[in-house]
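Down below is the structure, laid out as structure tokens.
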Amino acid sequence: MTRGFSRLRREDLLKTACEVIATQGFGNTRTVDIARAAGVSQALLFYHFETKEQLIAEAFAYAARQHLDAIGKIERSPQTPVERLRALIRLCSPGSSPAGWRIWIDAWSESMRNPELEATTRRMDVHGRNVLKDIIASGVACGEFACVDPEASSWRIFALIDGLAVQLHVHHKLISRRKVTLLVRTAAAMEVGLTLDTL
């Protein structure tokens, strides 16, 4: 019973940490901010996490797991490659989940100084590209897609998504969510030999 409560409390703290980080950023988030938002003492926070760096890394890993779970559902879906590609593009679109993208963008920056965070962001990037590559390859195999290099296409699509996410969430008035979504869908359709209206 105690162990179950402890696990639940830890997840609650990680969820709260993600919310604080999304608002304040990794660099400006203090442990006291997270403790206050969670309604606990800093002593309890440090009971679960030895250092601020560990807390930050685990908070991002918690957010990453939520995203990986969503990707996993698409990966295991019995839908056609076109339907799975459409679902993955929608999930990863720069126009979706502003709080999630704020954490991602901040995590990339912080990863240059935090090895644990770097390992997590790299693992997520690789997994996302591999899922996309496999969807494209399966679409080619069944004749739904025309693509000579699924791996290269997955790199280009995600590079565009990541770059547009930075533009949309850092330079708020530079480009609209609708325009970003259209650019990603158009690029993905071109990469796999589809017309825009089919994706």
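Residue numbering restarts at 1 in every chain; chains get A, B, ... in the order shown in the structure tokens, and ligands count up from 1 in that same order.
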
Report as an mmCIF file with all heavy atoms, in the first residue's frame all protein, DNA and RNA residues lying within 10 Å of stretch 116-128 of chain A, evaluated on only C-alpha atoms, omitting residues in the same chain fewer than 6 positions from it.
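So the final result, stored in around23.cif, reads:
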```cif
data_model
loop_
_atom_site.group_PDB
_atom_site.id
_atom_site.type_symbol
_atom_site.label_atom_id
_atom_site.label_comp_id
_atom_site.auth_asym_id
_atom_site.auth_seq_id
_atom_site.Cartn_x
_atom_site.Cartn_y
_atom_site.Cartn_z
ATOM 1 N N GLU A 53 18.517 18.297 -11.029
ATOM 2 C CA GLU A 53 18.809 17.762 -12.358
ATOM 3 C C GLU A 53 18.088 16.433 -12.589
ATOM 4 O O GLU A 53 17.545 16.187 -13.668
ATOM 5 C CB GLU A 53 20.325 17.566 -12.542
ATOM 6 C CG GLU A 53 21.120 18.844 -12.677
ATOM 7 C CD GLU A 53 21.207 19.652 -11.385
ATOM 8 O OE1 GLU A 53 21.083 19.043 -10.288
ATOM 9 O OE2 GLU A 53 21.401 20.885 -11.466
ATOM 10 N N GLN A 54 18.053 15.601 -11.552
ATOM 11 C CA GLN A 54 17.343 14.330 -11.677
ATOM 12 C C GLN A 54 15.846 14.564 -11.848
ATOM 13 O O GLN A 54 15.195 13.922 -12.673
ATOM 14 C CB GLN A 54 17.586 13.451 -10.440
ATOM 15 C CG GLN A 54 16.885 12.091 -10.543
ATOM 16 C CD GLN A 54 16.827 11.347 -9.218
ATOM 17 O OE1 GLN A 54 17.237 11.856 -8.181
ATOM 18 N NE2 GLN A 54 16.307 10.135 -9.245
ATOM 19 N N ILE A 56 14.361 17.218 -13.101
ATOM 20 C CA ILE A 56 14.120 17.777 -14.430
ATOM 21 C C ILE A 56 14.169 16.679 -15.484
ATOM 22 O O ILE A 56 13.291 16.592 -16.358
ATOM 23 C CB ILE A 56 15.176 18.866 -14.756
ATOM 24 C CG1 ILE A 56 15.002 20.087 -13.849
ATOM 25 C CG2 ILE A 56 15.106 19.271 -16.223
ATOM 26 C CD1 ILE A 56 13.720 20.845 -14.015
ATOM 27 N N ALA A 57 15.189 15.826 -15.411
ATOM 28 C CA ALA A 57 15.333 14.742 -16.384
ATOM 29 C C ALA A 57 14.157 13.770 -16.295
ATOM 30 O O ALA A 57 13.614 13.337 -17.318
ATOM 31 C CB ALA A 57 16.648 14.007 -16.166
ATOM 32 N N GLU A 58 13.742 13.434 -15.087
ATOM 33 C CA GLU A 58 12.629 12.495 -14.931
ATOM 34 C C GLU A 58 11.296 13.121 -15.330
ATOM 35 O O GLU A 58 10.406 12.426 -15.815
ATOM 36 C CB GLU A 58 12.580 11.965 -13.496
ATOM 37 C CG GLU A 58 13.709 10.998 -13.197
ATOM 38 C CD GLU A 58 13.441 10.146 -11.970
ATOM 39 O OE1 GLU A 58 12.271 9.775 -11.743
ATOM 40 O OE2 GLU A 58 14.402 9.862 -11.250
ATOM 41 N N ALA A 59 11.156 14.420 -15.111
ATOM 42 C CA ALA A 59 9.924 15.097 -15.542
ATOM 43 C C ALA A 59 9.797 15.029 -17.055
ATOM 44 O O ALA A 59 8.725 14.737 -17.595
ATOM 45 C CB ALA A 59 9.925 16.543 -15.069
ATOM 46 N N PHE A 60 10.912 15.289 -17.749
ATOM 47 C CA PHE A 60 10.848 15.199 -19.202
ATOM 48 C C PHE A 60 10.629 13.759 -19.651
ATOM 49 O O PHE A 60 9.881 13.504 -20.596
ATOM 50 C CB PHE A 60 12.114 15.761 -19.851
ATOM 51 C CG PHE A 60 12.035 15.738 -21.346
ATOM 52 C CD1 PHE A 60 11.230 16.647 -22.028
ATOM 53 C CD2 PHE A 60 12.717 14.791 -22.081
ATOM 54 C CE1 PHE A 60 11.110 16.616 -23.409
ATOM 55 C CE2 PHE A 60 12.614 14.758 -23.463
ATOM 56 C CZ PHE A 60 11.810 15.672 -24.130
ATOM 57 N N ALA A 61 11.259 12.809 -18.966
ATOM 58 C CA ALA A 61 11.050 11.397 -19.297
ATOM 59 C C ALA A 61 9.582 11.008 -19.111
ATOM 60 O O ALA A 61 9.023 10.231 -19.893
ATOM 61 C CB ALA A 61 11.945 10.513 -18.429
ATOM 62 N N ALA A 64 7.805 12.392 -21.967
ATOM 63 C CA ALA A 64 8.183 11.589 -23.130
ATOM 64 C C ALA A 64 7.390 10.286 -23.175
ATOM 65 O O ALA A 64 6.969 9.843 -24.249
ATOM 66 C CB ALA A 64 9.683 11.296 -23.092
ATOM 67 N N ARG A 65 7.180 9.669 -22.018
ATOM 68 C CA ARG A 65 6.420 8.413 -21.983
ATOM 69 C C ARG A 65 4.988 8.604 -22.466
ATOM 70 O O ARG A 65 4.439 7.740 -23.156
ATOM 71 C CB ARG A 65 6.409 7.825 -20.562
ATOM 72 C CG ARG A 65 7.686 7.129 -20.176
ATOM 73 C CD ARG A 65 7.507 6.267 -18.934
ATOM 74 N NE ARG A 65 7.058 7.025 -17.773
ATOM 75 C CZ ARG A 65 7.865 7.661 -16.940
ATOM 76 N NH1 ARG A 65 9.166 7.670 -17.155
ATOM 77 N NH2 ARG A 65 7.376 8.308 -15.887
ATOM 78 N N HIS A 67 4.015 10.748 -24.660
ATOM 79 C CA HIS A 67 4.102 10.884 -26.113
ATOM 80 C C HIS A 67 4.393 9.529 -26.764
ATOM 81 O O HIS A 67 3.793 9.170 -27.785
ATOM 82 C CB HIS A 67 5.192 11.891 -26.467
ATOM 83 C CG HIS A 67 5.264 12.232 -27.917
ATOM 84 N ND1 HIS A 67 4.265 12.921 -28.577
ATOM 85 C CD2 HIS A 67 6.210 11.976 -28.858
ATOM 86 C CE1 HIS A 67 4.587 13.082 -29.840
ATOM 87 N NE2 HIS A 67 5.767 12.505 -30.043
ATOM 88 N N LEU A 68 5.299 8.763 -26.169
ATOM 89 C CA LEU A 68 5.644 7.447 -26.724
ATOM 90 C C LEU A 68 4.449 6.498 -26.679
ATOM 91 O O LEU A 68 4.271 5.673 -27.581
ATOM 92 C CB LEU A 68 6.823 6.846 -25.960
ATOM 93 C CG LEU A 68 8.193 7.451 -26.265
ATOM 94 C CD1 LEU A 68 9.248 6.851 -25.346
ATOM 95 C CD2 LEU A 68 8.578 7.235 -27.729
ATOM 96 N N ILE A 71 2.366 7.394 -29.641
ATOM 97 C CA ILE A 71 3.006 6.896 -30.865
ATOM 98 C C ILE A 71 2.844 5.381 -30.957
ATOM 99 O O ILE A 71 2.599 4.823 -32.035
ATOM 100 C CB ILE A 71 4.495 7.289 -30.905
ATOM 101 C CG1 ILE A 71 4.640 8.793 -31.173
ATOM 102 C CG2 ILE A 71 5.245 6.499 -31.981
ATOM 103 C CD1 ILE A 71 6.078 9.278 -31.225
ATOM 104 N N GLY A 72 2.977 4.702 -29.804
ATOM 105 C CA GLY A 72 2.840 3.248 -29.787
ATOM 106 C C GLY A 72 1.471 2.786 -30.272
ATOM 107 O O GLY A 72 1.361 1.764 -30.956
ATOM 108 N N GLU A 75 1.585 3.005 -33.935
ATOM 109 C CA GLU A 75 2.483 1.966 -34.450
ATOM 110 C C GLU A 75 1.792 0.605 -34.486
ATOM 111 O O GLU A 75 1.978 -0.176 -35.430
ATOM 112 C CB GLU A 75 3.720 1.913 -33.551
ATOM 113 C CG GLU A 75 4.841 1.054 -34.064
ATOM 114 C CD GLU A 75 6.057 1.115 -33.147
ATOM 115 O OE1 GLU A 75 5.950 1.647 -32.021
ATOM 116 O OE2 GLU A 75 7.108 0.623 -33.577
ATOM 117 N N LEU A 88 -0.017 10.020 -37.269
ATOM 118 C CA LEU A 88 1.282 10.411 -36.730
ATOM 119 C C LEU A 88 1.578 11.876 -37.018
ATOM 120 O O LEU A 88 2.083 12.600 -36.154
ATOM 121 C CB LEU A 88 2.380 9.522 -37.325
ATOM 122 C CG LEU A 88 3.787 9.728 -36.737
ATOM 123 C CD1 LEU A 88 3.806 9.389 -35.242
ATOM 124 C CD2 LEU A 88 4.812 8.894 -37.488
ATOM 125 N N CYS A 92 2.174 14.701 -34.112
ATOM 126 C CA CYS A 92 3.462 15.404 -34.013
ATOM 127 C C CYS A 92 3.430 16.813 -34.593
ATOM 128 O O CYS A 92 4.459 17.500 -34.613
ATOM 129 C CB CYS A 92 4.546 14.589 -34.721
ATOM 130 S SG CYS A 92 4.828 12.972 -33.986
ATOM 131 N N TRP A 104 9.474 20.484 -25.161
ATOM 132 C CA TRP A 104 10.389 19.871 -26.126
ATOM 133 C C TRP A 104 11.485 20.845 -26.549
ATOM 134 O O TRP A 104 12.675 20.508 -26.546
ATOM 135 C CB TRP A 104 9.608 19.437 -27.372
ATOM 136 C CG TRP A 104 9.375 17.964 -27.443
ATOM 137 C CD1 TRP A 104 8.200 17.305 -27.247
ATOM 138 C CD2 TRP A 104 10.351 16.957 -27.712
ATOM 139 N NE1 TRP A 104 8.386 15.957 -27.382
ATOM 140 C CE2 TRP A 104 9.697 15.713 -27.674
ATOM 141 C CE3 TRP A 104 11.719 16.993 -27.985
ATOM 142 C CZ2 TRP A 104 10.357 14.511 -27.897
ATOM 143 C CZ3 TRP A 104 12.384 15.786 -28.209
ATOM 144 C CH2 TRP A 104 11.697 14.567 -28.164
ATOM 145 N N ALA A 107 13.803 21.496 -23.828
ATOM 146 C CA ALA A 107 14.602 20.303 -23.538
ATOM 147 C C ALA A 107 15.766 20.169 -24.509
ATOM 148 O O ALA A 107 16.873 19.778 -24.125
ATOM 149 C CB ALA A 107 13.732 19.051 -23.588
ATOM 150 N N TRP A 108 15.533 20.477 -25.787
ATOM 151 C CA TRP A 108 16.635 20.423 -26.762
ATOM 152 C C TRP A 108 17.764 21.350 -26.335
ATOM 153 O O TRP A 108 18.935 20.984 -26.382
ATOM 154 C CB TRP A 108 16.139 20.828 -28.145
ATOM 155 C CG TRP A 108 15.352 19.785 -28.855
ATOM 156 C CD1 TRP A 108 15.474 18.431 -28.770
ATOM 157 C CD2 TRP A 108 14.297 20.020 -29.787
ATOM 158 N NE1 TRP A 108 14.563 17.806 -29.574
ATOM 159 C CE2 TRP A 108 13.828 18.751 -30.216
ATOM 160 C CE3 TRP A 108 13.692 21.168 -30.304
ATOM 161 C CZ2 TRP A 108 12.805 18.609 -31.139
ATOM 162 C CZ3 TRP A 108 12.673 21.026 -31.222
ATOM 163 C CH2 TRP A 108 12.226 19.757 -31.640
ATOM 164 N N SER A 109 17.406 22.558 -25.919
ATOM 165 C CA SER A 109 18.420 23.520 -25.496
ATOM 166 C C SER A 109 19.147 23.042 -24.244
ATOM 167 O O SER A 109 20.381 23.058 -24.171
ATOM 168 C CB SER A 109 17.758 24.880 -25.244
ATOM 169 O OG SER A 109 18.682 25.794 -24.732
ATOM 170 N N GLU A 110 18.369 22.587 -23.269
ATOM 171 C CA GLU A 110 18.952 22.142 -22.003
ATOM 172 C C GLU A 110 19.788 20.875 -22.175
ATOM 173 O O GLU A 110 20.713 20.619 -21.399
ATOM 174 C CB GLU A 110 17.832 21.905 -20.985
ATOM 175 C CG GLU A 110 18.282 21.743 -19.553
ATOM 176 C CD GLU A 110 18.861 23.015 -18.956
ATOM 177 O OE1 GLU A 110 18.569 24.116 -19.463
ATOM 178 O OE2 GLU A 110 19.632 22.892 -17.978
ATOM 179 N N SER A 154 11.787 10.201 -43.703
ATOM 180 C CA SER A 154 11.431 10.389 -42.289
ATOM 181 C C SER A 154 12.288 11.487 -41.667
ATOM 182 O O SER A 154 11.796 12.287 -40.869
ATOM 183 C CB SER A 154 11.579 9.071 -41.515
ATOM 184 O OG SER A 154 12.930 8.689 -41.386
ATOM 185 N N TRP A 155 13.562 11.564 -42.052
ATOM 186 C CA TRP A 155 14.426 12.644 -41.565
ATOM 187 C C TRP A 155 13.911 14.006 -42.028
ATOM 188 O O TRP A 155 13.828 14.957 -41.249
ATOM 189 C CB TRP A 155 15.857 12.450 -42.068
ATOM 190 C CG TRP A 155 16.730 11.628 -41.175
ATOM 191 C CD1 TRP A 155 17.080 10.319 -41.340
ATOM 192 C CD2 TRP A 155 17.364 12.054 -39.962
ATOM 193 N NE1 TRP A 155 17.891 9.913 -40.310
ATOM 194 C CE2 TRP A 155 18.090 10.952 -39.452
ATOM 195 C CE3 TRP A 155 17.399 13.255 -39.260
ATOM 196 C CZ2 TRP A 155 18.840 11.024 -38.281
ATOM 197 C CZ3 TRP A 155 18.146 13.332 -38.094
ATOM 198 C CH2 TRP A 155 18.851 12.230 -37.614
ATOM 199 N N PHE A 158 10.499 15.015 -40.252
ATOM 200 C CA PHE A 158 10.661 15.426 -38.859
ATOM 201 C C PHE A 158 11.521 16.675 -38.715
ATOM 202 O O PHE A 158 11.310 17.470 -37.796
ATOM 203 C CB PHE A 158 11.214 14.281 -38.006
ATOM 204 C CG PHE A 158 10.123 13.462 -37.368
ATOM 205 C CD1 PHE A 158 9.884 12.163 -37.767
ATOM 206 C CD2 PHE A 158 9.320 14.004 -36.388
ATOM 207 C CE1 PHE A 158 8.862 11.414 -37.201
ATOM 208 C CE2 PHE A 158 8.296 13.281 -35.806
ATOM 209 C CZ PHE A 158 8.061 11.975 -36.212
#
```

Please report as JSON lines every residue of stretch 61-120 of chain A lying within 9 Å of stretch 134-149 of chain A, along with the nearest atom pair and their distance in Å (one decimal), using only C-alpha atoms.
```
{"residue": "A:Glu75", "atom": "CA", "partner": "A:Ile135", "partner_atom": "CA", "distance": 7.9}
{"residue": "A:Thr80", "atom": "CA", "partner": "A:Gly139", "partner_atom": "CA", "distance": 7.9}
{"residue": "A:Pro81", "atom": "CA", "partner": "A:Gly139", "partner_atom": "CA", "distance": 5.1}
{"residue": "A:Val82", "atom": "CA", "partner": "A:Gly139", "partner_atom": "CA", "distance": 7.1}
{"residue": "A:Arg84", "atom": "CA", "partner": "A:Ile135", "partner_atom": "CA", "distance": 7.0}
{"residue": "A:Leu85", "atom": "CA", "partner": "A:Ile135", "partner_atom": "CA", "distance": 6.6}
```

Here atom CA of A:Gly95 and atom CA of A:Arg177 stand apart by 5.1 Å

**OP:** Considering only C-alpha atoms, return as an NGL selection string whatever protein or nucleic-acid residues lie within 9 Å of A:Ala188, sequence-local ones (same chain, fewer than 4 positions apart) excluded.
**Re:** :A and (85 or 89 or 153-154 or 156-157 or 183-184 or 192-194 or 196 or 199)
